[in-house]
Structures are given as structure tokens and as C-alpha cells.
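Shown next, in C-alpha cells, is the structure this report addresses.
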Amino acid sequence: MLRRLLFAVGCASLVLAAPALAQDSTTVRYFTFSAAPDYLEELDTIVTAFEEANPGVNVEVETAPFADYFTLLQAGVASGDAPDVFELNYESFVTYAANGALLDISDLVSADAPFYPRALEAFQYEGAQMALPATFSTVLMFYNADLFDQAEVAYPTADWTWEDAIAAAQAIRALGDDTWGLFSPTQFWEFYKKAAQNGECSFFNADMTESTINSPACVSTLETMVGFMNDDLMPTASELSGVSDSELFLSGKLGMLVTGIWMFGAFADAPFAWDVEVEPAINQNANHFFANGVAVSSSTANGEAAAAWATFLASSETAANVRVEAGWELPALNEPAYFEAYLEQTPPENREAVFAALENPVTPPVIERQNEMQDAVNALLTQVVDGELTAQEALDQAKAELDALIN
Amino acid sequence: MSWNSGIHKWKWVALFLLPGLFGLSLFVLYPILSSFWLAFQDWNLLRPPEFIGLGNFQELMGDRDFWRALGYTLTFILMYVPVVFVLGLALALFLNQKARGMLIVRASSFLPVVASWVVVSLIWKWIFNPQYGLINYGLGVLGIQGPAWLFEPQTAVYAMVITSVWKDVGYIALLYLGGLQNISESYYEAARIDGATRWRVMRHITLPLLTPTMFFVTITLLINYFQMFEQVWLMPMRDSAADRQVEVIVTEVVKNAFSYSRMGYASAMSWVLFVLIFAITIVQLRLQKRWVYYESAE
């Protein structure tokens, strides 16, 4: 009886393993967080076009939500079962490149793909091309034109400084108790960008041996940021009470909101006139440059096919057109023709600002222990917002923590 | 029964145990053993694990975040355990009365226990909302300006303790209820015949005979609350000071493992937590002789 049972179990496991043995053509496994659930059809179109152009290569798509993506990806790498090609955001890129999880694709990538040079550089590690920039997005100043009209202030322009923005915010705040001037959160991502707008503040020294986050320029940048709230131009978290910044903007009670271009869709039907402009400067202009890349696993058995798929996904005209049409982020390609359809859509009227922002791109400071850095800085910034620490105290502490993380 | 048939019987026992044992070994025993091994490794999942001896434990000793998490864990325990211990007993004494409709009251007091923490946290996040929530509305009626509850670290701890008590008190009451209904009616009868007051009955019969239950309640409460996780993970408002500062040991473990990819360090932290719970439980077992009264021991 026992023996028969064991035999049956053995047979069952053979049956389950069988499909894995039956492979003839090359299969490239692609793992993505940005496609599901909204853009699976678009990805399918790109896959089909690629497979037609590359007979004998099949692309097998696997998806996961962003929150689980990196755990699954790491588990795949750890168990020697990494997908051949996978998506990486810029912040995670360095960790994967530094740990030898990525294939050097410098020789496999065509030199004449029309990438933005800055975007391509972002995915180089120690001089080698370790991933390709697939998409980018940026952050702009969104403004409620109706509130500007009511407060009788002029709309933002590309050469505004934060002083102009603060003056406008004061006028808008004066419109009513529940009308707020501006919203630009005090957190890691806003801080390193405003640091770049200051120009003198940088989180680390040039050779990444020491943190310089407590320099006088950084302290004054942080004070500017916290000033929005301290001067009552921007609601505190508890004044918002769980209402998100975008909900506040959509309710027509917020003059200016610093947020990503991924909000265009959500704001499209806002019951008021709104537009965008590049963010004001402190001493100079600087705008976020968020990029998602595609990388090839260093453990892939099909490096060439995998690199071909990565290149197609990142730089082919088909992929670019599909993305732009669907509003599935923007390809990081310097081909104005691809973006014509995108630029024609309104609102916002001033969609060109998206590309104007690319003139002064800022990428996040990146270290191997990225998430720890972000959490440490964020925790200290909230203590400054709450008035428990001064900007100087918080950044002195941040320097000590960041130094510990890079050494 | 012969030796032979004994073996034969064991074969069958083993066969029936096999599915359960298989799951237990694969999903419990193996992870426990490998987490012990990992506690001495540096492993970010991307590179092979590297043996670093006691390195993780040494780092832990100087890790401010860990000590802060331990501090919050102890604060939670000190605030939560006494309250739920006493309220649970009071609720049990109330539910133990024979009255019409008591069954419904008992069932409803148990509802929060079976509700999922996700649902509970959503409801209480609304109740604690500083602008639109029930509590601050109530305080406002009394002319008191309520705090920003789940936004600030200190008030968030109170809010989470209140929610945890509300959620767990039914379970604790159920444990006490079991203990209460186990007490033989004859003691009460004898006491009544002797003319004992309700208070004396309570003090000299009910409470002493309930001490084994109290002991069980204390041990399980402490073991559970050293491992508290859900409320701290779910309740603080996103990106608020409370969200970024209030951490307990298990949230630190999860963060280190799944956000910072420090599997070895997270494992070391889990083992420190295990040793801590183990030590406290041993101390409690030792101390029980001083206050726990077992009927059968007489």
C-alpha cells in the first residue's frame, strides 16, 4: 500500500515537471512591474512585433505589482532562477549592478539607438552599459489657473524662483481659510531635487566617500522647504487628515502642486483650468529625472536574444509609439517625432514643459543601501517638520547615518 | 500487542502524519533552522551568503533603530497588557452572568477578534481622523481640540493601544470565561451557606481559582505582543511622523529583510527576539509558583 502510494506521488511529480523539458526555440523571460494591470495589451503588442522581427525568439512576460516586485526578483536571483530580462528603476539599478546581477550589454547594444545621452549614462556602471533606459518621467509645478485669477497674480513662468512662488502662494492663501497656496512635500525626493536647485548642496562628495548633507547650503535648502509649512502656505499632514495632495488639488483648494507628470490623466477632468510649468529655481533650475531601465540578467543563457528584446523594448519605434499613445510613461528617446501626438493632448496646455524639464535633469543620489538611506533621511525630515529638530541638527544626524551606510 | 504489530501500527501512524510533517518541515522547521544559520551570514539575496560570525549581533547592539523598536515594543506592552488583562476579566465576569440575551452579547464581544486587522485598522483610522473622525468630533463637542492621533508618534501609540484592546478584549474575556465556568459551583454554594459577601466570594474563590487562566493569559499576551506587527504596519497615516518613526521589533525585521535586503541581519534580529521571549517566559514559569493556584495540586 505504502509503496503504491509513493509510486503514485512519483508519477505525479514527473507529470508536473514535463512541460519544463519540452523547449525548442529560445525563450526570453521578461519580468516587469510597470505593465500590469493597465498596460498588458500594449506590452503584448510590443512583444508580438518583436517576435515577428526575431523569428525563433519567444518572450514570456511575468508581472508583479511594484510593492512585491523586488522581493520576487531577488528571490529569483538568489535561487538561480532570475528572469532573462527585467525592469529596474534607477534607484535599484546600482544595487543590482554592484552585486554582479546584471550582464554587461555594452557590446550588444546598437550605438545609433536614439537614447537621451543623459538617460543612457544613468544606466552605466563603472564605465559599462549595464541596462538601457526604457522610460522616464519628471515632476512639474501644477497650478490652478482659476485660483491665480481670483488672487490676481500672474501665472508661473519658466524663470520663476521660489520667492515668486511664495509670493503667489501668499496671495492665494489669503483667499480663504481652506485654500492653500502650495504643496511641495518635505521628503527625500523633493529634498535632493531642491538641493540641486540650490546648486551648492549635494548629499555626497564627488567620490562618494563622505556625506555632505549637512553643508550650509543643504541646511538653507531644507529651511526653505520647511518654510512653506511654517509660513502656513502649505497644509501639514494632520491638516490634510489623510486627504492626499492630489485630492486637495482636484478639490480646487490648492494653488500650486509639485507632482509628477503621471498625474496628467488623473487631473484631466478637473473642474477648473490648470496648467503646468517647470519648477521654480532657488539659484538654478533643476528637475526630477525618474527613469526605469531594462536589464539583462548576468545568469541568462540567452544573452543575445535577451539584449535584443531589451533594446527593442527600450528603443524601437513600435515600443515608443505604443507607449506614447497609451500614456504608458514616455520613452527615453531623443526623437521629437515620437512625441507629436503626446504634445497635442490637453490639458495641460504647456505640455512642452515636460521636455523643457529635461534640460536640467537631476537623478537621485544612489548608494547600494538605497532604501535605508531614504528611510533614514525621511524619518529625520519629519522631525524637522514637527519642530523636534532644527534643520542643522537633523542634517548633522543624517550625515552620520549616511556615512555609516556608505562605509 | 506483539512487537511486530506495534511496528506495523507505527507505519500507519507515520503515513498519516506524513502530509502534516512534510508541511511542517518545509514551511516551519526548515525556515527556522536556516534563519539560525543566516543570522551568522551577510546575505543581500543577490550575492551568495557570506559568513560573518557574530557580526550581525554586534551591529544590533549599536543599532539605534533596533533599540528604538524595542523601546516602542515595551511601551506597547506596558500600556496594553495591564489594560486588556483587567478589562478582559471585567468583561468575562459580566458575560458570565445568566441573563436573557447574554449569548448575543457574548457573540458580539467576540466579533472584533475574528475581524481582520486590515478592516479594523481602516475603521479606526477613520475614527481617529483628526478632522473627520468620531473621537475628535466628540472631543470638539466638549470643547476640547483633539490631537492628530495617527500622525504623531506619541498619540499614535495611544491610538494603537486603544484599537488593540478593543480588538483583543473579547478573546481574553473568552479565555477567562472558560476559567470561570470551570470553577465548581459547589465552592460558591458553600460560600453562600457561610454567608460570604459577593466581594469575599470574588476575592477568596473566584480570583484564586482563576489564577491558572490569568497565568495563561499573561504568557500568551506577552508572547503575542513582543511579536506585534499588524497595527504598527497598518495604522499610522502614510508618510506622517508616526509612520516614519514608530517601529516595533517585527516591523524592523520585515523592513530589514524585505526593504533593505539584509536577510542575515533580519534573521539575527528575529533570534534576539526569540531569546527575549524565551527568557521572559522562563521567568514567568518560575514566578508562577508564587501566585498561581492549581486546584488539582491540592
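In the C-alpha cells, chains take the letters A, B, ... in the order shown, each chain's residues start at 1, and ligands count up from 1 in the order shown.
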
Distance query range 276-281 of chain A at most 8 Å, only C-alpha atoms, self and fewer than 5 positions along chain excluded, as a PyMOL selection string: chain A and resi 139-143+156-162+165+197-198+258+286-287+348-351+353-354+356-357

Output file for the selection above: C-alpha atoms, as a CSV table (one decimal), in the first residue's frame:
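Now in selection-v8.csv:
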chain,number,residue,atom,x,y,z
A,139,VAL,CA,8.0,66.4,-11.9
A,140,LEU,CA,6.5,69.8,-12.7
A,141,MET,CA,4.7,72.6,-10.9
A,142,PHE,CA,1.0,72.2,-11.5
A,143,TYR,CA,-1.1,75.2,-10.9
A,156,PRO,CA,4.1,80.9,-13.1
A,157,THR,CA,6.7,81.2,-15.8
A,158,ALA,CA,9.8,79.2,-16.6
A,159,ASP,CA,12.1,81.8,-15.0
A,160,TRP,CA,10.3,81.9,-11.6
A,161,THR,CA,12.2,81.5,-8.4
A,162,TRP,CA,10.7,80.1,-5.2
A,165,ALA,CA,6.1,81.1,-6.0
A,197,GLN,CA,18.0,73.8,-7.4
A,198,ASN,CA,20.2,75.4,-4.7
A,258,VAL,CA,4.7,70.0,-7.2
A,286,ALA,CA,16.6,71.5,-11.7
A,287,ASN,CA,14.0,68.9,-12.4
A,348,PRO,CA,-2.2,70.8,-19.8
A,349,GLU,CA,-1.6,73.4,-22.5
A,350,ASN,CA,2.0,73.7,-21.7
A,351,ARG,CA,3.0,70.1,-22.2
A,353,ALA,CA,7.3,71.8,-20.0
A,354,VAL,CA,7.8,68.0,-19.8
A,356,ALA,CA,11.9,71.7,-21.0
A,357,ALA,CA,12.4,69.9,-17.7

Chain A contacts to chain B at 7 Å (only C-alpha atoms) as JSON, numbers by chain: {"A": [71, 74, 75, 77, 78, 99, 101, 237, 238, 241, 242, 369, 371, 372, 379, 382, 383]}

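You will find CA of Gly293 in chain A at 24.3 Å from CA of Lys194 in chain A.
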
Close residues, range 56-65 of chain A itself excluded, 10 Å, only C-alpha atoms, min 6 positions apart in chain, as an MDAnalysis selection string: chainID A and resid 24:37 40 43:44 47:48 50 72:73 83:86 302 305:306 308:309

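Minimum distance to Leu273 in chain B across B:Met160, B:Leu26, B:Val232, B:Ala69 (counting only C-alpha atoms) occurs at B:Ala69.
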
Strand (DSSP E or B) positions in range 12-234 of chain B, given as an MDAnalysis selection string: chainID B and resid 41:42 50:51

Near-Ala295 in chain A list (10 Å; only C-alpha atoms; drop same-chain fewer than 3 positions) as JSON, numbers by chain: {"A": [30, 83, 84, 85, 86, 87, 88, 93, 96, 97, 101, 102, 103, 104, 105, 123, 129, 130, 131, 132, 133, 134, 292, 298, 306, 307, 310, 311]}

Test item: residues at most 9 Å from Gln370 in chain A, only C-alpha atoms, excluding those fewer than 5 positions along its chain, as a list in words: Glu91, Ser92, Val94, Thr95, Pro365, Asp375 and Leu405 of chain A; Tyr260 of chain B

Atomic distance CA of Tyr90 in chain A - CA of Ala291 in chain A, expressed in Å with one decimal: 5.6 Å

Under the rule of at most 7 Å, produce a per-residue listing of range 20-139 of chain B near range 263-270 of chain B: chain, number, name, the closest pair of atoms, and the distance in Å, as a Markdown table, using only C-alpha atoms.
| residue | atom | partner | partner_atom | distance |
| --- | --- | --- | --- | --- |
| B:Ser35 | CA | B:Ser267 | CA | 5.3 |
| B:Phe36 | CA | B:Ser267 | CA | 6.8 |
| B:Leu38 | CA | B:Gly264 | CA | 4.8 |
| B:Ala39 | CA | B:Ala268 | CA | 4.2 |
| B:Phe40 | CA | B:Gly264 | CA | 6.5 |
| B:Gln41 | CA | B:Gly264 | CA | 5.2 |
| B:Asp42 | CA | B:Gly264 | CA | 5.2 |
| B:Trp43 | CA | B:Gly264 | CA | 5.5 |
| B:Asn44 | CA | B:Met263 | CA | 6.2 |
| B:Asn56 | CA | B:Tyr265 | CA | 5.3 |
| B:Phe57 | CA | B:Ala268 | CA | 6.3 |

Take the residues from that selection and write them out as an mmCIF file, in the first residue's frame, keeping N, CA and C atoms.
data_model
loop_
_atom_site.group_PDB
_atom_site.id
_atom_site.type_symbol
_atom_site.label_atom_id
_atom_site.label_comp_id
_atom_site.auth_asym_id
_atom_site.auth_seq_id
_atom_site.Cartn_x
_atom_site.Cartn_y
_atom_site.Cartn_z
ATOM 1 N N SER B 35 17.079 30.228 9.261
ATOM 2 C CA SER B 35 17.211 31.593 9.782
ATOM 3 C C SER B 35 18.303 31.628 10.851
ATOM 4 N N PHE B 36 18.459 30.516 11.591
ATOM 5 C CA PHE B 36 19.547 30.461 12.577
ATOM 6 C C PHE B 36 20.898 30.526 11.858
ATOM 7 N N LEU B 38 21.391 31.756 8.896
ATOM 8 C CA LEU B 38 21.511 33.068 8.248
ATOM 9 C C LEU B 38 21.929 34.166 9.222
ATOM 10 N N ALA B 39 21.585 33.984 10.494
ATOM 11 C CA ALA B 39 21.897 35.018 11.480
ATOM 12 C C ALA B 39 23.403 35.270 11.568
ATOM 13 N N PHE B 40 24.190 34.316 11.077
ATOM 14 C CA PHE B 40 25.646 34.482 11.116
ATOM 15 C C PHE B 40 26.221 34.808 9.741
ATOM 16 N N GLN B 41 25.329 35.159 8.799
ATOM 17 C CA GLN B 41 25.776 35.446 7.434
ATOM 18 C C GLN B 41 25.417 36.887 7.065
ATOM 19 N N ASP B 42 26.108 37.374 6.051
ATOM 20 C CA ASP B 42 25.715 38.625 5.412
ATOM 21 C C ASP B 42 25.118 38.225 4.073
ATOM 22 N N TRP B 43 23.845 38.483 3.868
ATOM 23 C CA TRP B 43 23.212 37.995 2.641
ATOM 24 C C TRP B 43 22.220 39.021 2.123
ATOM 25 N N ASN B 44 22.478 39.564 0.935
ATOM 26 C CA ASN B 44 21.544 40.522 0.352
ATOM 27 C C ASN B 44 20.719 39.892 -0.756
ATOM 28 N N ASN B 56 26.478 40.331 12.815
ATOM 29 C CA ASN B 56 25.122 40.868 12.849
ATOM 30 C C ASN B 56 24.707 41.233 14.262
ATOM 31 N N PHE B 57 25.074 40.372 15.218
ATOM 32 C CA PHE B 57 24.674 40.610 16.603
ATOM 33 C C PHE B 57 25.403 41.819 17.162
#

Long-range neighbours of range 386-397 of chain A as number ranges by chain, 12 Å cut-off, only C-alpha atoms, 6 positions minimum in chain: A: 186, 191, 201-203, 211-227, 229-230, 236-238, 376-380, 403-404; B: 64, 148, 151-153, 240-242, 245

Could those selected residues go to a file with C-alpha atoms, as a PDB file, in the first residue's frame?
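Saved result, part-v7.pdb, follows:
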ATOM      1  CA  THR A 186       9.298  67.622   2.714  1.00  0.00           C
ATOM      2  CA  PHE A 191      14.989  67.382  -0.900  1.00  0.00           C
ATOM      3  CA  CYS A 201      24.044  71.330  -1.765  1.00  0.00           C
ATOM      4  CA  SER A 202      24.817  67.755  -2.550  1.00  0.00           C
ATOM      5  CA  PHE A 203      24.158  64.650  -0.425  1.00  0.00           C
ATOM      6  CA  SER A 211      28.147  62.650   3.065  1.00  0.00           C
ATOM      7  CA  THR A 212      27.945  66.419   2.720  1.00  0.00           C
ATOM      8  CA  ILE A 213      24.230  66.597   3.538  1.00  0.00           C
ATOM      9  CA  ASN A 214      24.829  68.937   6.488  1.00  0.00           C
ATOM     10  CA  SER A 215      26.553  71.668   4.477  1.00  0.00           C
ATOM     11  CA  PRO A 216      25.238  75.232   4.999  1.00  0.00           C
ATOM     12  CA  ALA A 217      23.652  75.132   1.518  1.00  0.00           C
ATOM     13  CA  CYS A 218      21.757  71.944   2.410  1.00  0.00           C
ATOM     14  CA  VAL A 219      20.589  73.407   5.712  1.00  0.00           C
ATOM     15  CA  SER A 220      19.277  76.529   3.997  1.00  0.00           C
ATOM     16  CA  THR A 221      17.583  74.410   1.303  1.00  0.00           C
ATOM     17  CA  LEU A 222      15.799  72.387   3.961  1.00  0.00           C
ATOM     18  CA  GLU A 223      14.795  75.566   5.773  1.00  0.00           C
ATOM     19  CA  THR A 224      13.224  76.877   2.559  1.00  0.00           C
ATOM     20  CA  MET A 225      11.242  73.654   2.229  1.00  0.00           C
ATOM     21  CA  VAL A 226      10.035  73.597   5.816  1.00  0.00           C
ATOM     22  CA  GLY A 227       9.222  77.294   5.495  1.00  0.00           C
ATOM     23  CA  MET A 229       4.572  74.811   6.091  1.00  0.00           C
ATOM     24  CA  ASN A 230       5.822  77.066   8.856  1.00  0.00           C
ATOM     25  CA  THR A 236       0.516  69.889   7.474  1.00  0.00           C
ATOM     26  CA  ALA A 237      -0.159  66.170   7.359  1.00  0.00           C
ATOM     27  CA  SER A 238      -2.731  66.413  10.118  1.00  0.00           C
ATOM     28  CA  ALA A 376      16.765  57.480   7.447  1.00  0.00           C
ATOM     29  CA  VAL A 377      16.519  60.855   5.672  1.00  0.00           C
ATOM     30  CA  ASN A 378      12.714  60.767   5.631  1.00  0.00           C
ATOM     31  CA  ALA A 379      12.497  59.994   9.355  1.00  0.00           C
ATOM     32  CA  LEU A 380      14.769  62.948  10.153  1.00  0.00           C
ATOM     33  CA  ASP A 403      28.400  57.999   6.379  1.00  0.00           C
ATOM     34  CA  ALA A 404      27.683  54.740   8.164  1.00  0.00           C
TER      35      ALA A 404
ATOM     36  CA  ARG B  64      19.659  52.848  17.313  1.00  0.00           C
ATOM     37  CA  ALA B 148      -3.591  64.448  15.427  1.00  0.00           C
ATOM     38  CA  PHE B 151       0.031  61.331  12.608  1.00  0.00           C
ATOM     39  CA  GLU B 152       2.220  61.897  15.644  1.00  0.00           C
ATOM     40  CA  PRO B 153       4.331  59.132  17.217  1.00  0.00           C
ATOM     41  CA  SER B 240       3.442  61.000   8.708  1.00  0.00           C
ATOM     42  CA  ALA B 241       5.906  61.291  11.571  1.00  0.00           C
ATOM     43  CA  ALA B 242       4.207  58.318  13.221  1.00  0.00           C
ATOM     44  CA  GLN B 245       9.224  56.781  13.497  1.00  0.00           C
TER      45      GLN B 245
END

Close residues, range 287-293 of chain B itself excluded, 8 Å, only C-alpha atoms, min 6 positions apart in chain, as a VMD selection string: chain B and resid 208 to 209 211 to 212 215

Save the residues we just selected, C-alpha atoms, as a short mmCIF file (atom, residue, chain, number, x, y, z; two decimals), in the first residue's frame?
data_model
loop_
_atom_site.label_atom_id
_atom_site.label_comp_id
_atom_site.auth_asym_id
_atom_site.auth_seq_id
_atom_site.Cartn_x
_atom_site.Cartn_y
_atom_site.Cartn_z
CA PRO B 208 -7.61 32.35 43.27
CA LEU B 209 -9.23 29.66 41.15
CA THR B 211 -5.04 32.24 38.56
CA PRO B 212 -4.13 29.41 36.13
CA PHE B 215 -1.15 32.90 34.08
#

All helix (DSSP H, G or I) residues (DSSP, backbone) inside range 95-177 of chain B, as a PyMOL selection string: chain B and resi 95+102-114+117-127+134-141+149-151+153-177

Best match for closeness to Lys167 in chain B among B:Asp63, B:Glu252, B:Glu230, B:Glu247, counting only C-alpha atoms: B:Glu230
